[in-house]
$ cat protein.cif   # mmCIF, C-alpha atoms
data_protein
loop_
_atom_site.label_atom_id
_atom_site.label_comp_id
_atom_site.auth_asym_id
_atom_site.auth_seq_id
_atom_site.Cartn_x
_atom_site.Cartn_y
_atom_site.Cartn_z
CA MET A 4 0.00 0.00 0.00
CA LYS A 5 1.34 3.42 -0.92
CA LYS A 6 0.86 6.65 0.99
CA LEU A 7 -0.87 9.57 -0.71
CA ASN A 8 1.51 12.20 -2.03
CA LEU A 9 0.44 15.76 -1.16
CA LEU A 10 1.77 19.09 -2.42
CA LEU A 11 1.51 22.10 -0.10
CA LEU A 12 1.69 25.79 -1.03
CA GLU A 13 2.45 27.76 2.15
CA ASP A 14 4.83 30.71 2.58
CA ASN A 15 4.77 30.80 6.39
CA ASP A 16 7.47 28.47 7.66
CA ASP A 17 5.99 27.89 11.13
CA GLU A 18 2.51 27.15 9.76
CA ALA A 19 3.97 24.94 7.04
CA ASN A 20 6.04 22.90 9.49
CA GLU A 21 3.06 22.39 11.80
CA LEU A 22 0.83 21.30 8.92
CA ILE A 23 3.46 18.99 7.45
CA ALA A 24 3.95 17.32 10.85
CA THR A 25 0.19 16.81 11.19
CA LEU A 26 -0.13 15.27 7.74
CA GLN A 27 2.94 13.07 8.09
CA ASN A 28 1.73 11.80 11.46
CA ASN A 29 -1.44 10.71 9.69
CA GLY A 30 0.32 8.80 6.94
CA TYR A 31 0.69 11.35 4.14
CA VAL A 32 3.82 12.19 2.17
CA VAL A 33 4.14 15.99 1.86
CA ASN A 34 6.14 18.20 -0.49
CA ARG A 35 6.13 21.93 0.20
CA ALA A 36 6.57 25.03 -1.96
CA ASN A 37 6.70 28.55 -0.51
CA ASN A 38 6.01 30.35 -3.78
CA ILE A 39 4.29 29.80 -7.10
CA ARG A 40 7.49 29.36 -9.13
CA LYS A 41 8.71 26.57 -6.88
CA LEU A 42 5.25 25.00 -6.84
CA GLN A 43 5.18 24.95 -10.64
CA ASN A 44 8.65 23.42 -10.84
CA ILE A 45 7.72 20.66 -8.40
CA ILE A 46 4.47 19.77 -10.13
CA GLU A 47 6.24 19.51 -13.49
CA ARG A 48 8.68 16.95 -12.05
CA GLU A 49 6.42 14.83 -9.85
CA SER A 50 2.88 13.51 -9.71
CA PHE A 51 0.63 14.24 -6.74
CA ASP A 52 -2.64 12.91 -5.40
CA PHE A 53 -3.68 16.18 -3.78
CA ILE A 54 -2.76 19.85 -3.41
CA ILE A 55 -3.34 22.13 -0.40
CA LEU A 56 -3.19 25.82 -1.30
CA ASP A 57 -2.83 28.87 0.88
CA ILE A 58 -4.41 31.85 -0.87
CA MET A 59 -2.14 34.78 0.03
CA ILE A 60 1.49 34.14 -0.92
CA ASP A 61 3.89 37.05 -0.40
CA GLY A 62 0.88 39.35 -0.11
CA LYS A 63 -0.70 38.26 -3.41
CA PRO A 64 -3.60 35.84 -4.10
CA ASP A 65 -1.27 33.40 -5.84
CA GLY A 66 -3.13 30.38 -4.49
CA ILE A 67 -6.23 31.34 -6.46
CA ALA A 68 -4.14 32.16 -9.53
CA PHE A 69 -2.54 28.73 -9.41
CA ALA A 70 -5.92 27.02 -9.01
CA GLN A 71 -7.15 28.88 -12.07
CA LYS A 72 -4.09 27.68 -13.97
CA LEU A 73 -4.80 24.07 -12.98
CA ASN A 74 -8.28 24.41 -14.46
CA GLU A 75 -7.11 26.15 -17.63
CA GLU A 76 -4.44 23.53 -18.32
CA GLY A 77 -6.74 20.62 -17.47
CA ILE A 78 -4.49 19.29 -14.73
CA ASP A 79 -6.68 16.78 -12.95
CA ILE A 80 -5.49 16.99 -9.33
CA PRO A 81 -7.96 17.69 -6.51
CA PHE A 82 -7.16 20.68 -4.31
CA ILE A 83 -8.46 22.56 -1.29
CA PHE A 84 -7.79 26.03 0.05
CA LEU A 85 -6.45 26.36 3.60
CA THR A 86 -6.28 30.06 4.41
CA SER A 87 -6.75 32.74 7.03
CA ILE A 88 -8.70 34.87 4.53
CA ASN A 89 -12.38 34.98 5.52
CA ASP A 90 -13.35 37.84 3.21
CA LYS A 91 -16.53 37.01 1.29
CA SER A 92 -15.28 38.45 -2.00
CA VAL A 93 -12.09 36.36 -1.83
CA PHE A 94 -14.16 33.27 -1.06
CA GLU A 95 -16.37 33.96 -4.08
CA GLU A 96 -13.32 34.25 -6.33
CA ALA A 97 -11.82 31.07 -4.89
CA LYS A 98 -15.12 29.22 -5.25
CA TYR A 99 -15.10 29.62 -9.03
CA THR A 100 -11.89 27.60 -9.28
CA LYS A 101 -13.92 24.59 -8.01
CA PRO A 102 -11.91 23.56 -4.95
CA PHE A 103 -13.05 20.51 -3.02
CA HIS A 104 -13.05 22.49 0.22
CA TYR A 105 -12.31 25.92 1.71
CA LEU A 106 -10.90 25.67 5.23
CA LEU A 107 -10.03 28.57 7.52
CA LYS A 108 -6.98 28.80 9.75
CA PRO A 109 -6.41 27.89 12.47
CA TYR A 110 -7.53 24.51 11.19
CA ASN A 111 -8.99 21.66 13.17
CA GLU A 112 -6.91 18.53 12.57
CA LEU A 113 -9.85 16.15 12.30
CA GLU A 114 -11.75 18.55 10.04
CA LEU A 115 -8.74 18.75 7.72
CA LEU A 116 -8.33 14.96 7.57
CA TYR A 117 -12.02 14.50 6.84
CA ALA A 118 -11.85 17.17 4.12
CA LEU A 119 -8.99 15.32 2.42
CA GLU A 120 -10.86 12.02 2.58
CA LEU A 121 -14.07 13.49 1.18
CA ALA A 122 -12.15 15.19 -1.62
CA ILE A 123 -10.62 11.88 -2.72
CA GLU A 124 -14.08 10.30 -2.80
CA LYS A 125 -15.62 13.17 -4.78
CA HIS A 126 -12.71 13.39 -7.19
CA TYR A 127 -13.09 9.79 -8.28
CA SER A 128 -16.89 10.17 -8.59
CA GLN A 129 -17.83 7.43 -6.16
CA LEU A 130 -21.50 8.23 -5.55
CA ASN A 131 -21.79 5.86 -2.60
CA THR A 132 -19.31 5.63 0.22
CA ILE A 133 -18.01 2.06 0.24
CA THR A 134 -17.32 1.04 3.81
CA GLY A 135 -16.20 -2.05 5.61
CA ASN A 136 -15.74 -1.93 9.36
CA THR A 137 -13.35 1.01 9.83
CA ASP A 138 -12.25 0.98 6.19
CA LYS A 139 -13.47 3.08 3.28
CA VAL A 140 -12.40 2.54 -0.30
CA VAL A 141 -12.46 4.63 -3.44
CA ILE A 142 -11.45 3.05 -6.72
CA SER A 143 -9.72 4.83 -9.59
CA PRO A 144 -8.34 3.29 -12.81
CA ASP A 145 -4.96 2.55 -11.19
CA TYR A 146 -5.49 2.56 -7.44
CA ILE A 147 -7.82 1.59 -4.66
CA PHE A 148 -7.79 4.29 -2.00
CA VAL A 149 -8.35 2.87 1.47
CA SER A 150 -9.22 5.06 4.44
CA LYS A 151 -8.43 3.78 7.90
CA ASN A 152 -7.83 5.55 11.20
CA ASN A 153 -8.30 9.01 9.67
CA LYS A 154 -5.75 8.58 6.88
CA VAL A 155 -6.00 7.57 3.24
CA GLU A 156 -3.51 5.26 1.55
CA LYS A 157 -3.54 3.63 -1.86
CA ILE A 158 -3.19 0.11 -3.21
CA GLU A 159 -2.01 -0.34 -6.77
CA ILE A 160 -4.62 -2.37 -8.63
CA SER A 161 -1.79 -4.19 -10.40
CA SER A 162 -0.60 -5.48 -7.00
CA ILE A 163 -3.88 -7.31 -6.30
CA HIS A 164 -3.72 -11.10 -6.64
CA TYR A 165 -7.38 -11.89 -6.22
CA ILE A 166 -10.61 -10.72 -4.61
CA LYS A 167 -12.86 -12.97 -2.58
CA VAL A 168 -16.47 -11.82 -2.43
CA GLU A 169 -19.02 -12.95 0.12
CA GLU A 170 -22.44 -11.29 -0.07
CA LYS A 171 -21.86 -7.51 0.29
CA TYR A 172 -18.26 -7.76 1.43
CA CYS A 173 -15.02 -8.58 -0.30
CA THR A 174 -11.48 -9.31 0.78
CA ILE A 175 -8.77 -7.78 -1.38
CA ILE A 176 -5.57 -9.84 -1.36
CA SER A 177 -2.58 -7.81 -2.56
CA ASP A 178 1.19 -7.77 -2.32
CA LYS A 179 0.90 -5.44 0.68
CA GLY A 180 -1.76 -7.28 2.66
CA ASP A 181 -5.44 -8.18 2.91
CA TYR A 182 -8.26 -5.63 3.19
CA LEU A 183 -11.90 -6.23 4.06
CA VAL A 184 -14.30 -3.71 2.52
CA LYS A 185 -18.00 -3.45 1.83
CA LEU A 186 -18.23 -4.07 -1.90
CA SER A 187 -20.51 -6.39 -3.87
CA LEU A 188 -19.37 -8.70 -6.66
CA LYS A 189 -21.49 -6.80 -9.18
CA LYS A 190 -19.93 -3.47 -8.21
CA THR A 191 -16.44 -4.94 -8.12
CA LYS A 192 -16.74 -6.32 -11.66
CA THR A 193 -17.83 -2.95 -13.06
CA ILE A 194 -14.98 -0.95 -11.56
CA LEU A 195 -12.02 -3.27 -12.13
CA PRO A 196 -10.50 -3.77 -15.60
CA ASP A 197 -12.27 -6.72 -17.22
CA CYS A 198 -9.23 -7.56 -19.34
CA THR A 199 -7.19 -8.22 -16.18
CA PHE A 200 -9.62 -9.50 -13.56
CA LYS A 201 -11.57 -12.61 -14.46
CA GLN A 202 -14.25 -14.42 -12.52
CA VAL A 203 -13.19 -18.03 -11.97
CA HIS A 204 -15.69 -18.92 -9.27
CA ARG A 205 -18.90 -17.39 -7.97
CA ASN A 206 -16.85 -15.96 -5.07
CA TYR A 207 -13.54 -15.15 -6.75
CA LEU A 208 -12.09 -12.63 -9.17
CA VAL A 209 -8.48 -13.33 -10.16
CA ASN A 210 -5.84 -11.05 -11.62
CA ILE A 211 -4.69 -13.15 -14.60
CA LYS A 212 -1.31 -11.41 -14.54
CA LYS A 213 -0.71 -12.96 -11.11
CA ILE A 214 -1.45 -16.55 -12.19
CA LYS A 215 1.52 -18.88 -11.90
CA GLU A 216 -0.08 -22.23 -12.76
CA ILE A 217 -3.47 -23.64 -13.72
CA TYR A 218 -4.48 -27.28 -13.22
CA PHE A 219 -7.58 -27.61 -15.34
CA LYS A 220 -8.23 -31.25 -14.48
CA ASP A 221 -8.07 -30.45 -10.79
CA ASN A 222 -9.93 -27.14 -11.16
CA LEU A 223 -7.16 -25.32 -9.37
CA ILE A 224 -5.37 -22.00 -9.93
CA VAL A 225 -2.03 -21.25 -8.27
CA LEU A 226 -1.06 -17.58 -7.94
CA GLU A 227 2.35 -15.95 -7.65
CA ASN A 228 1.90 -15.59 -3.89
CA ASN A 229 1.26 -19.38 -3.80
CA ASN A 230 -2.37 -18.95 -2.81
CA THR A 231 -4.68 -21.45 -4.51
CA ILE A 232 -8.14 -20.70 -5.91
CA ASN A 233 -10.82 -23.22 -6.85
CA PHE A 234 -11.71 -23.05 -10.54
CA SER A 235 -15.44 -23.53 -11.05
CA GLU A 236 -16.64 -25.55 -14.05
CA ARG A 237 -19.24 -22.86 -14.63
CA TYR A 238 -16.56 -20.28 -15.49
CA LYS A 239 -13.82 -22.49 -16.93
CA SER A 240 -14.97 -22.66 -20.58
CA LYS A 241 -15.51 -18.91 -20.76
CA PHE A 242 -12.11 -18.31 -19.19
CA ILE A 243 -10.36 -20.59 -21.71
CA LYS A 244 -12.16 -18.94 -24.63
CA GLU A 245 -11.20 -15.44 -23.48
CA ASN A 246 -7.62 -16.38 -22.56
CA PRO A 247 -6.35 -18.97 -25.07
CA PHE A 248 -2.77 -17.84 -24.54
CA ILE A 249 -2.85 -19.30 -21.02
CA ILE A 250 -3.54 -22.84 -22.25
#
$ encode --input "protein.cif" --output "structure tokens"
Amino acid sequence: MKKLNLLLLEDNDDEANELIATLQNNGYVVNRANNIRKLQNIIERESFDFIILDIMIDGKPDGIAFAQKLNEEGIDIPFIFLTSINDKSVFEEAKYTKPFHYLLKPYNELELLYALELAIEKHYSQLNTITGNTDKVVISPDYIFVSKNNKVEKIEISSIHYIKVEEKYCTIISDKGDYLVKLSLKKTKTILPDCTFKQVHRNYLVNIKKIKEIYFKDNLIVLENNNTINFSERYKSKFIKENPFII
């Protein structure tokens, strides 16, 4: 599981250090820029899951200007404003850049963490919160974002070996561990790439790239992590037809 990579625009060193410590203590990786030029240089070199913008940088509303630039250039990274500016006219200007949240300093730690989590969910257009015990998940084309204990981390979909589904819950088995979430088989099949994840049993979806061996006579699949999955007769013929290269 990978930690979310955040980019912070903040020109006040003390406030930046406090915020960075808060985010790092909650499992985020944080890069900081104290001006727009540095922010632009960083974002051109690295990819980020989220951006936190102060509005006033060196006495100018550079945070809003940068948000406008993100929109104009079609850079698809969710962002929020975290600022001490409570002027209504500034808020109206900031609102038109379509941030996921507008938080005022001094911030409440839990409010900030919740705002980040909600922004991830909204950004990836998950209409229903998918929960399982203390976990929440949001699924994008490349990652599954898992929220636990007030922090959000990400699992690469390519690292998943298989998914076991039982009624409304599923267990995701990946290189980094196992995760129980509330997710139906029907929903799972629609959001994972069909070319990679195949149903081999009424309760199992398997990442075909993680298959090490298949014993068709014994109805058994062996994965790279040495886990074994029962191969149902019901799905075998369809699997062979769709994946002749495996035979």
$ residues_around --input "protein.cif" --residues "stretch 28-38 of chain A" --least-positions-apart "6" --cutoff "7 Å" --atoms "only C-alpha atoms" --output "list in words"
Lys6, Leu7, Asn8, Leu9, Leu10, Leu11, Leu12, Glu13, Asp14, Ile60 and Lys154 of chain A
$ closest_residue --input "protein.cif" --among "A:Lys192, A:Lys241, A:Lys212, A:Lys108" --to "A:Leu22" --atoms "all atoms listed in the file"
A:Lys108
$ resolve_selection --input "protein.cif" --expression "the PyMOL selection byres ((chain A and resi 210) around 7)" --output "number ranges by chain"
A: 163-165, 199-201, 208-209, 211-213
$ atom_distance --input "protein.cif" --atom1 "atom CA of A:Glu159" --atom2 "atom CA of A:Ser177"
8.6 Å
$ closest_residue --input "protein.cif" --among "A:Glu227, A:Glu112, A:Glu169, A:Asp181" --to "A:Tyr207" --atoms "only C-alpha atoms"
A:Glu169
$ atom_distance --input "protein.cif" --atom1 "atom CA of A:Ser161" --atom2 "atom CA of A:Leu121"
24.4 Å
$ residues_around --input "protein.cif" --residues "A:Asn233" --least-positions-apart "3" --cutoff "8 Å" --atoms "all atoms listed in the file" --output "list in words"
Val203, His204, Asn222, Leu223 and Ile224 of chain A
$ atom_distance --input "protein.cif" --atom1 "atom CA of A:Pro81" --atom2 "atom CA of A:Ile39"
17.2 Å
$ resolve_selection --input "protein.cif" --expression "the PyMOL selection byres ((chain A and resi 62) around 12)" --output "list in words"
Glu13, Asp14, Asn15, Asn38, Asp57, Ile58, Met59, Ile60, Asp61, Lys63, Pro64, Asp65, Gly66 and Ile88 of chain A
